[in-house]
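Visitor: If it helps, the file is called target_36.pdb and holds PDB, C-alpha atoms:
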ATOM      1  CA  MET A   1      35.820  -9.877 -17.045
ATOM      2  CA  LEU A   2      32.208 -10.557 -18.039
ATOM      3  CA  ASP A   3      29.874 -10.591 -15.021
ATOM      4  CA  VAL A   4      27.705 -13.554 -16.013
ATOM      5  CA  GLY A   5      26.004 -13.729 -12.609
ATOM      6  CA  GLY A   6      25.078 -10.041 -12.717
ATOM      7  CA  ALA A   7      23.600 -10.393 -16.213
ATOM      8  CA  GLU A   8      21.516 -13.372 -15.097
ATOM      9  CA  ARG A   9      20.212 -11.492 -12.058
ATOM     10  CA  THR A  10      19.282  -8.496 -14.237
ATOM     11  CA  ALA A  11      17.451 -10.715 -16.725
ATOM     12  CA  ARG A  12      15.629 -12.506 -13.908
ATOM     13  CA  LYS A  13      14.532  -9.234 -12.305
ATOM     14  CA  ARG A  14      13.330  -7.876 -15.672
ATOM     15  CA  LYS A  15      11.288 -11.037 -16.295
ATOM     16  CA  GLN A  16       9.699 -10.822 -12.830
ATOM     17  CA  THR A  17       8.856  -7.145 -13.323
ATOM     18  CA  THR A  18       7.131  -7.919 -16.622
ATOM     19  CA  GLN A  19       5.159 -10.745 -14.984
ATOM     20  CA  ALA A  20       4.079  -8.433 -12.184
ATOM     21  CA  ALA A  21       2.960  -5.820 -14.681
ATOM     22  CA  ARG A  22       0.867  -8.423 -16.476
ATOM     23  CA  ALA A  23      -0.729  -9.362 -13.174
ATOM     24  CA  VAL A  24      -1.688  -5.745 -12.552
ATOM     25  CA  ALA A  25      -3.246  -5.570 -16.005
ATOM     26  CA  ALA A  26      -5.237  -8.732 -15.309
ATOM     27  CA  ALA A  27      -6.486  -7.364 -12.008
ATOM     28  CA  ARG A  28      -7.776  -4.024 -13.269
ATOM     29  CA  GLY A  29     -10.496  -5.205 -15.618
ATOM     30  CA  GLY A  30     -13.690  -3.193 -15.257
ATOM     31  CA  ASN A  31     -16.448  -4.666 -13.103
ATOM     32  CA  ASP A  32     -15.388  -8.294 -13.296
ATOM     33  CA  ARG A  33     -14.925  -8.840  -9.540
ATOM     34  CA  ARG A  34     -13.803 -12.440  -9.877
ATOM     35  CA  ASN A  35     -10.965 -11.506 -12.215
ATOM     36  CA  VAL A  36      -9.969  -8.674  -9.917
ATOM     37  CA  ILE A  37      -9.701 -10.962  -6.893
ATOM     38  CA  ILE A  38      -7.702 -13.580  -8.778
ATOM     39  CA  GLY A  39      -5.472 -10.931 -10.337
ATOM     40  CA  VAL A  40      -4.765  -9.260  -7.002
ATOM     41  CA  VAL A  41      -3.559 -12.533  -5.478
ATOM     42  CA  ILE A  42      -1.133 -12.914  -8.384
ATOM     43  CA  VAL A  43      -0.031  -9.304  -8.047
ATOM     44  CA  VAL A  44       0.808  -9.674  -4.367
ATOM     45  CA  VAL A  45       2.912 -12.783  -4.962
ATOM     46  CA  MET A  46       4.770 -11.307  -7.936
ATOM     47  CA  ALA A  47       5.285  -7.884  -6.392
ATOM     48  CA  VAL A  48       6.939  -9.406  -3.330
ATOM     49  CA  ALA A  49       9.295 -11.373  -5.590
ATOM     50  CA  VAL A  50      10.175  -8.340  -7.663
ATOM     51  CA  ILE A  51      10.477  -5.557  -5.141
ATOM     52  CA  GLY A  52      11.506  -7.346  -1.971
ATOM     53  CA  GLY A  53      10.961  -6.949   1.723
ATOM     54  CA  VAL A  54      11.362  -3.174   1.957
ATOM     55  CA  LEU A  55       8.536  -2.331  -0.407
ATOM     56  CA  TYR A  56       6.442  -5.184   0.938
ATOM     57  CA  THR A  57       6.528  -3.448   4.315
ATOM     58  CA  ARG A  58       5.840  -0.099   2.604
ATOM     59  CA  ASN A  59       2.619  -1.387   1.037
ATOM     60  CA  ASN A  60       1.436  -3.717   3.798
ATOM     61  CA  SER A  61      -2.360  -3.651   3.741
ATOM     62  CA  THR A  62      -4.382  -2.777   6.802
ATOM     63  CA  SER A  63      -8.007  -3.088   7.747
ATOM     64  CA  GLY A  64      -8.445   0.586   8.602
ATOM     65  CA  GLY A  65     -10.107   0.977  11.966
ATOM     66  CA  ALA A  66      -8.665   2.725  15.017
ATOM     67  CA  GLY A  67      -5.297   4.438  15.203
ATOM     68  CA  ASP A  68      -3.444   7.009  13.170
ATOM     69  CA  ILE A  69      -2.502   6.356   9.542
ATOM     70  CA  PRO A  70       1.293   5.909   9.415
ATOM     71  CA  VAL A  71       3.131   8.473   7.309
ATOM     72  CA  THR A  72       4.960   7.105   4.286
ATOM     73  CA  THR A  73       7.335   9.569   2.632
ATOM     74  CA  ALA A  74       7.076   9.710  -1.158
ATOM     75  CA  HIS A  75      10.159   8.731  -3.145
ATOM     76  CA  ALA A  76      10.363  12.316  -4.436
ATOM     77  CA  GLN A  77       8.672  15.636  -3.761
ATOM     78  CA  TYR A  78       6.966  17.568  -6.559
ATOM     79  CA  PRO A  79       4.607  20.547  -6.924
ATOM     80  CA  THR A  80       0.858  20.054  -7.355
ATOM     81  CA  LYS A  81      -2.164  22.144  -8.175
ATOM     82  CA  VAL A  82      -5.873  21.349  -8.319
ATOM     83  CA  GLU A  83      -7.879  22.124 -11.440
ATOM     84  CA  ASP A  84     -11.507  23.232 -11.297
ATOM     85  CA  ASP A  85     -12.732  19.709 -12.101
ATOM     86  CA  GLY A  86     -10.775  18.196  -9.202
ATOM     87  CA  THR A  87      -7.867  16.841 -11.248
ATOM     88  CA  VAL A  88      -4.581  16.940  -9.330
ATOM     89  CA  VAL A  89      -1.809  18.104 -11.651
ATOM     90  CA  ALA A  90       1.677  17.110 -10.542
ATOM     91  CA  GLY A  91       4.884  18.484 -12.012
ATOM     92  CA  ASN A  92       5.875  21.042 -14.609
ATOM     93  CA  ASP A  93       3.251  22.143 -17.156
ATOM     94  CA  ALA A  94       6.011  22.317 -19.765
ATOM     95  CA  ALA A  95       6.872  18.597 -19.485
ATOM     96  CA  LYS A  96       6.836  16.817 -22.857
ATOM     97  CA  VAL A  97       5.035  13.750 -21.526
ATOM     98  CA  THR A  98       1.606  13.925 -19.886
ATOM     99  CA  VAL A  99       0.505  10.865 -17.942
ATOM    100  CA  ASP A 100      -3.114  10.587 -16.796
ATOM    101  CA  VAL A 101      -3.662   8.232 -13.869
ATOM    102  CA  TYR A 102      -7.181   7.081 -12.988
ATOM    103  CA  GLU A 103      -7.170   5.392  -9.589
ATOM    104  CA  ASP A 104      -9.140   4.661  -6.427
ATOM    105  CA  PHE A 105      -7.572   4.516  -2.957
ATOM    106  CA  LEU A 106      -9.471   1.297  -2.150
ATOM    107  CA  CYS A 107      -8.583  -0.465  -5.422
ATOM    108  CA  PRO A 108      -6.124  -3.358  -4.778
ATOM    109  CA  ALA A 109      -4.818  -3.250  -8.354
ATOM    110  CA  CYS A 110      -4.157   0.491  -7.941
ATOM    111  CA  GLY A 111      -2.166  -0.303  -4.823
ATOM    112  CA  SER A 112      -0.139  -2.813  -6.811
ATOM    113  CA  PHE A 113       0.373  -0.280  -9.614
ATOM    114  CA  GLU A 114       1.740   2.208  -7.081
ATOM    115  CA  LYS A 115       3.986  -0.466  -5.567
ATOM    116  CA  ILE A 116       5.470  -1.374  -8.936
ATOM    117  CA  TYR A 117       5.582   2.002 -10.699
ATOM    118  CA  GLY A 118       5.149   4.635  -7.965
ATOM    119  CA  GLU A 119       8.843   5.333  -7.478
ATOM    120  CA  GLN A 120       9.487   5.639 -11.233
ATOM    121  CA  VAL A 121       6.548   7.994 -11.697
ATOM    122  CA  GLU A 122       7.372  10.186  -8.695
ATOM    123  CA  LYS A 123      11.023  10.594  -9.687
ATOM    124  CA  ALA A 124      10.151  11.313 -13.316
ATOM    125  CA  VAL A 125       7.749  14.040 -12.154
ATOM    126  CA  ALA A 126      10.338  15.528  -9.803
ATOM    127  CA  ASP A 127      12.942  15.479 -12.612
ATOM    128  CA  GLY A 128      10.587  17.401 -14.912
ATOM    129  CA  LYS A 129      10.396  14.593 -17.464
ATOM    130  CA  ILE A 130       6.656  14.033 -17.112
ATOM    131  CA  LYS A 131       3.530  15.771 -15.852
ATOM    132  CA  VAL A 132       0.939  13.585 -14.139
ATOM    133  CA  ARG A 133      -2.776  14.317 -14.004
ATOM    134  CA  TYR A 134      -4.270  12.311 -11.136
ATOM    135  CA  HIS A 135      -7.982  11.539 -11.509
ATOM    136  CA  ILE A 136      -8.821  10.200  -8.057
ATOM    137  CA  LEU A 137     -12.139   8.385  -8.229
ATOM    138  CA  ASN A 138     -14.740   6.693  -6.040
ATOM    139  CA  LEU A 139     -15.304   3.662  -8.263
ATOM    140  CA  LEU A 140     -15.269   1.238  -5.311
ATOM    141  CA  ASP A 141     -17.312   3.339  -2.873
ATOM    142  CA  ARG A 142     -19.678   0.473  -2.062
ATOM    143  CA  TYR A 143     -16.835  -1.971  -1.361
ATOM    144  CA  SER A 144     -15.819  -0.524   2.000
ATOM    145  CA  ASN A 145     -17.728  -1.182   5.220
ATOM    146  CA  PRO A 146     -19.352   1.225   5.813
ATOM    147  CA  ALA A 147     -19.583   2.359   2.206
ATOM    148  CA  GLY A 148     -18.041   5.625   1.108
ATOM    149  CA  TYR A 149     -14.322   5.350   1.896
ATOM    150  CA  SER A 150     -13.225   5.832  -1.716
ATOM    151  CA  LEU A 151     -14.985   9.194  -1.873
ATOM    152  CA  GLU A 152     -13.732  10.300   1.555
ATOM    153  CA  ALA A 153     -10.115   9.429   0.711
ATOM    154  CA  ALA A 154     -10.269  10.993  -2.747
ATOM    155  CA  ASN A 155     -11.685  14.232  -1.366
ATOM    156  CA  ALA A 156      -9.010  14.365   1.347
ATOM    157  CA  ALA A 157      -6.184  13.720  -1.146
ATOM    158  CA  ILE A 158      -7.359  16.517  -3.431
ATOM    159  CA  ALA A 159      -7.601  18.809  -0.413
ATOM    160  CA  ALA A 160      -4.028  17.834   0.491
ATOM    161  CA  ALA A 161      -2.916  18.647  -3.068
ATOM    162  CA  SER A 162      -4.334  22.151  -2.701
ATOM    163  CA  THR A 163      -1.907  22.668   0.208
ATOM    164  CA  GLY A 164       1.135  21.272  -1.633
ATOM    165  CA  LYS A 165       1.331  18.143   0.563
ATOM    166  CA  PHE A 166      -0.044  15.636  -1.937
ATOM    167  CA  PRO A 167       3.071  13.426  -2.461
ATOM    168  CA  ASP A 168       3.320  12.120   1.113
ATOM    169  CA  PHE A 169      -0.461  12.027   1.630
ATOM    170  CA  HIS A 170      -0.935  10.011  -1.580
ATOM    171  CA  ALA A 171       1.944   7.660  -0.733
ATOM    172  CA  SER A 172       0.652   7.113   2.807
ATOM    173  CA  LEU A 173      -2.880   6.160   1.751
ATOM    174  CA  PHE A 174      -1.619   3.561  -0.722
ATOM    175  CA  ALA A 175       1.147   2.242   1.545
ATOM    176  CA  ASN A 176      -1.433   1.654   4.293
ATOM    177  CA  GLN A 177      -4.332   0.749   2.025
ATOM    178  CA  PRO A 178      -7.451  -0.677   3.720
ATOM    179  CA  LYS A 179      -8.618  -4.036   2.475
ATOM    180  CA  GLU A 180     -11.411  -4.038  -0.060
ATOM    181  CA  GLY A 181     -14.599  -5.031   1.765
ATOM    182  CA  GLY A 182     -13.213  -3.882   5.108
ATOM    183  CA  LYS A 183     -13.365  -0.717   7.162
ATOM    184  CA  GLY A 184     -11.868   2.401   5.612
ATOM    185  CA  TYR A 185     -10.291   5.317   7.414
ATOM    186  CA  THR A 186     -12.489   7.946   9.045
ATOM    187  CA  GLN A 187     -12.494  11.678   8.486
ATOM    188  CA  ASP A 188     -10.713  12.075  11.834
ATOM    189  CA  GLN A 189      -7.921   9.769  10.675
ATOM    190  CA  LEU A 190      -7.625  11.535   7.316
ATOM    191  CA  VAL A 191      -7.406  14.908   9.045
ATOM    192  CA  LYS A 192      -4.702  13.613  11.403
ATOM    193  CA  LEU A 193      -2.743  12.241   8.450
ATOM    194  CA  GLY A 194      -2.861  15.654   6.834
ATOM    195  CA  GLN A 195      -1.497  17.209   9.990
ATOM    196  CA  ALA A 196       1.198  14.542  10.202
ATOM    197  CA  VAL A 197       2.470  15.303   6.686
ATOM    198  CA  GLY A 198       2.708  18.996   7.517
ATOM    199  CA  ILE A 199      -0.648  20.559   6.641
ATOM    200  CA  SER A 200      -1.514  23.408   8.988
ATOM    201  CA  GLY A 201      -4.527  25.673   9.337
ATOM    202  CA  GLY A 202      -8.214  24.851   9.307
ATOM    203  CA  ASP A 203      -8.946  24.912   5.556
ATOM    204  CA  PHE A 204      -7.820  21.316   5.002
ATOM    205  CA  GLU A 205      -9.928  19.959   7.857
ATOM    206  CA  ALA A 206     -12.936  21.931   6.659
ATOM    207  CA  ALA A 207     -12.487  20.510   3.150
ATOM    208  CA  VAL A 208     -12.262  16.935   4.473
ATOM    209  CA  ARG A 209     -15.284  17.188   6.741
ATOM    210  CA  GLY A 210     -17.335  19.218   4.278
ATOM    211  CA  GLY A 211     -16.681  17.040   1.219
ATOM    212  CA  LYS A 212     -15.384  20.013  -0.729
ATOM    213  CA  TYR A 213     -14.458  18.013  -3.837
ATOM    214  CA  ASN A 214     -17.128  15.293  -3.687
ATOM    215  CA  GLU A 215     -19.118  16.534  -6.664
ATOM    216  CA  GLN A 216     -16.019  16.936  -8.858
ATOM    217  CA  ILE A 217     -14.971  13.370  -7.996
ATOM    218  CA  LYS A 218     -18.383  11.944  -8.913
ATOM    219  CA  LYS A 219     -18.436  13.867 -12.189
ATOM    220  CA  GLN A 220     -14.946  12.633 -13.056
ATOM    221  CA  LEU A 221     -16.004   9.038 -12.452
ATOM    222  CA  ASP A 222     -19.070   9.518 -14.641
ATOM    223  CA  ALA A 223     -16.978  11.065 -17.424
ATOM    224  CA  ALA A 224     -14.320   8.340 -17.272
ATOM    225  CA  SER A 225     -16.882   5.521 -17.167
ATOM    226  CA  ASN A 226     -18.579   6.859 -20.299
ATOM    227  CA  ASN A 227     -15.433   7.611 -22.275
ATOM    228  CA  PRO A 228     -14.901   4.892 -24.925
ATOM    229  CA  ALA A 229     -11.202   5.778 -25.097
ATOM    230  CA  LEU A 230     -10.776   4.608 -21.494
ATOM    231  CA  GLN A 231     -12.606   1.298 -21.780
ATOM    232  CA  ARG A 232     -11.092  -2.171 -22.049
ATOM    233  CA  GLU A 233     -12.508  -5.552 -22.899
ATOM    234  CA  SER A 234     -13.502  -7.667 -19.899
ATOM    235  CA  ALA A 235     -15.594 -10.777 -19.299
ATOM    236  CA  GLN A 236     -18.663  -8.531 -19.242
ATOM    237  CA  GLY A 237     -17.751  -6.574 -22.361
ATOM    238  CA  LYS A 238     -16.134  -3.165 -22.618
ATOM    239  CA  SER A 239     -15.925  -1.243 -19.370
ATOM    240  CA  PHE A 240     -13.846   1.257 -17.433
ATOM    241  CA  GLY A 241     -11.722   0.122 -14.503
ATOM    242  CA  THR A 242      -8.899   1.258 -12.292
ATOM    243  CA  PRO A 243      -6.021   1.714 -12.647
ATOM    244  CA  THR A 244      -6.221   3.136 -16.146
ATOM    245  CA  ILE A 245      -3.185   5.013 -17.451
ATOM    246  CA  THR A 246      -2.832   7.152 -20.564
ATOM    247  CA  VAL A 247       0.284   8.755 -22.034
ATOM    248  CA  ASN A 248      -0.328  11.881 -24.087
ATOM    249  CA  GLY A 249      -3.950  10.799 -24.456
ATOM    250  CA  THR A 250      -3.333   7.171 -25.479
ATOM    251  CA  MET A 251      -4.188   4.358 -23.072
ATOM    252  CA  ILE A 252      -1.141   2.246 -22.319
ATOM    253  CA  ASP A 253      -0.906  -1.504 -21.894
ATOM    254  CA  LEU A 254       0.147  -2.334 -18.337
ATOM    255  CA  GLN A 255       1.525  -5.646 -19.572
ATOM    256  CA  ASP A 256       4.453  -3.596 -20.878
ATOM    257  CA  GLY A 257       6.682  -3.050 -17.867
ATOM    258  CA  ASP A 258       8.717  -0.429 -19.757
ATOM    259  CA  TRP A 259       5.814   1.839 -20.699
ATOM    260  CA  LEU A 260       7.130   4.840 -18.763
ATOM    261  CA  LYS A 261      10.714   4.454 -19.932
ATOM    262  CA  LYS A 262       9.550   4.215 -23.546
ATOM    263  CA  ALA A 263       7.348   7.298 -23.208
ATOM    264  CA  ILE A 264      10.248   9.349 -21.887
ATOM    265  CA  GLU A 265      12.637   8.062 -24.548
ATOM    266  CA  GLN A 266      10.183   8.757 -27.346
ATOM    267  CA  SER A 267       9.876  12.354 -26.143
ATOM    268  CA  GLY A 268      13.605  12.779 -26.769
ATOM    269  CA  GLN A 269      14.561  12.897 -23.088
ATOM    270  CA  GLY A 270      16.246   9.467 -23.090
TER     271      GLY A 270
END
Starting from the file, give its structure as structure tokens.

Guide:
Amino acid sequence: MLDVGGAERTARKRKQTTQAARAVAAARGGNDRRNVIIGVVIVVVMAVAVIGGVLYTRNNSTSGGAGDIPVTTAHAQYPTKVEDDGTVVAGNDAAKVTVDVYEDFLCPACGSFEKIYGEQVEKAVADGKIKVRYHILNLLDRYSNPAGYSLEAANAAIAAASTGKFPDFHASLFANQPKEGGKGYTQDQLVKLGQAVGISGGDFEAAVRGGKYNEQIKKQLDAASNNPALQRESAQGKSFGTPTITVNGTMIDLQDGDWLKKAIEQSGQG
């Protein structure tokens, strides 16, 4: 017997996912702050409709401040290494699909991207279907109070990647993302999060407190901001913004909710 109700629910969910993806794309545009704010409101509404109460709780925003950062377990575990320029490489080097993710831990649209696509990306990495190169930037450094949270969080995440504990650290920072314009997490809180996800020894703490990767992060932001291949049209002209995603070197359109599925299929891994 044909399950008409099931087909309708599937079509409805697919339509909502596409609408949410379009909202993310609208929110990520360069330096146009007004468009970002409007887009983020749309993203939150659509993401709740698409993903439901469980993931809403997973990504519930916080204002930073006192207290430990709750640990959020990634949907899948995968190996990571840190390149000399600070890029975090996740997955198997032999994967046929390379996804570059440019993001900022304070960026609301990046948080929405992770809410919508994080599980798909993590599982595809763990399955060996894709390799992800995370370029963790400090684009919104001045939008925390006090300024500088984007850089602190990026440095800590790269330090966590060097210990092999990146998946849960990355997931936790986005799941408990501070509000843009509010107080970010402190070095003490970032160190405690590292310990909570299983990082031991003093090297991680030293890297967090000493800003080990700060210069690499700043250079990556400068390179991305001045790369024409990573710029999109916005109300203020062409500019770089987060999140920006490329597949095998080509920037993808986040209005296409099936971008990852298509990339995997086109690589012959269906």

Visitor: Assuming the chain letters and numbering stay as they are in my file, what does the PyMOL selection byres ((chain A and resi 131) around 12) actually select? List them as JSON, numbers by chain.

Guide: {"A": [78, 79, 80, 81, 88, 89, 90, 91, 92, 93, 94, 95, 96, 97, 98, 99, 100, 101, 121, 122, 123, 124, 125, 126, 127, 128, 129, 130, 132, 133, 134, 246, 247, 248, 260, 263, 264]}

Visitor: Evaluated on this file, the PyMOL selection byres ((chain A and resi 211-214) around 9) picks out some residues - which ones are they, written as a PyMOL selection string?

Guide: chain A and resi 85-86+151-152+154-156+158-159+206-210+215-219

Visitor: Using the chain letters and numbers from the file, give me the residues hit by the PyMOL selection byres ((chain A and resi 149) around 10), as a ChimeraX atom specification.

Guide: /A:104-106,138,140-148,150-155,178,182-187

Visitor: To one decimal in Å, tell me the separation between CA of Lys192 in chain A and CA of Thr87 in chain A.

Guide: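 So the answer is 23.1 Å.
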
Visitor: One decimal, Å: what's the distance from CA of Thr242 in chain A over to CA of Ala175 in chain A, could you say?

Guide: 17.1 Å
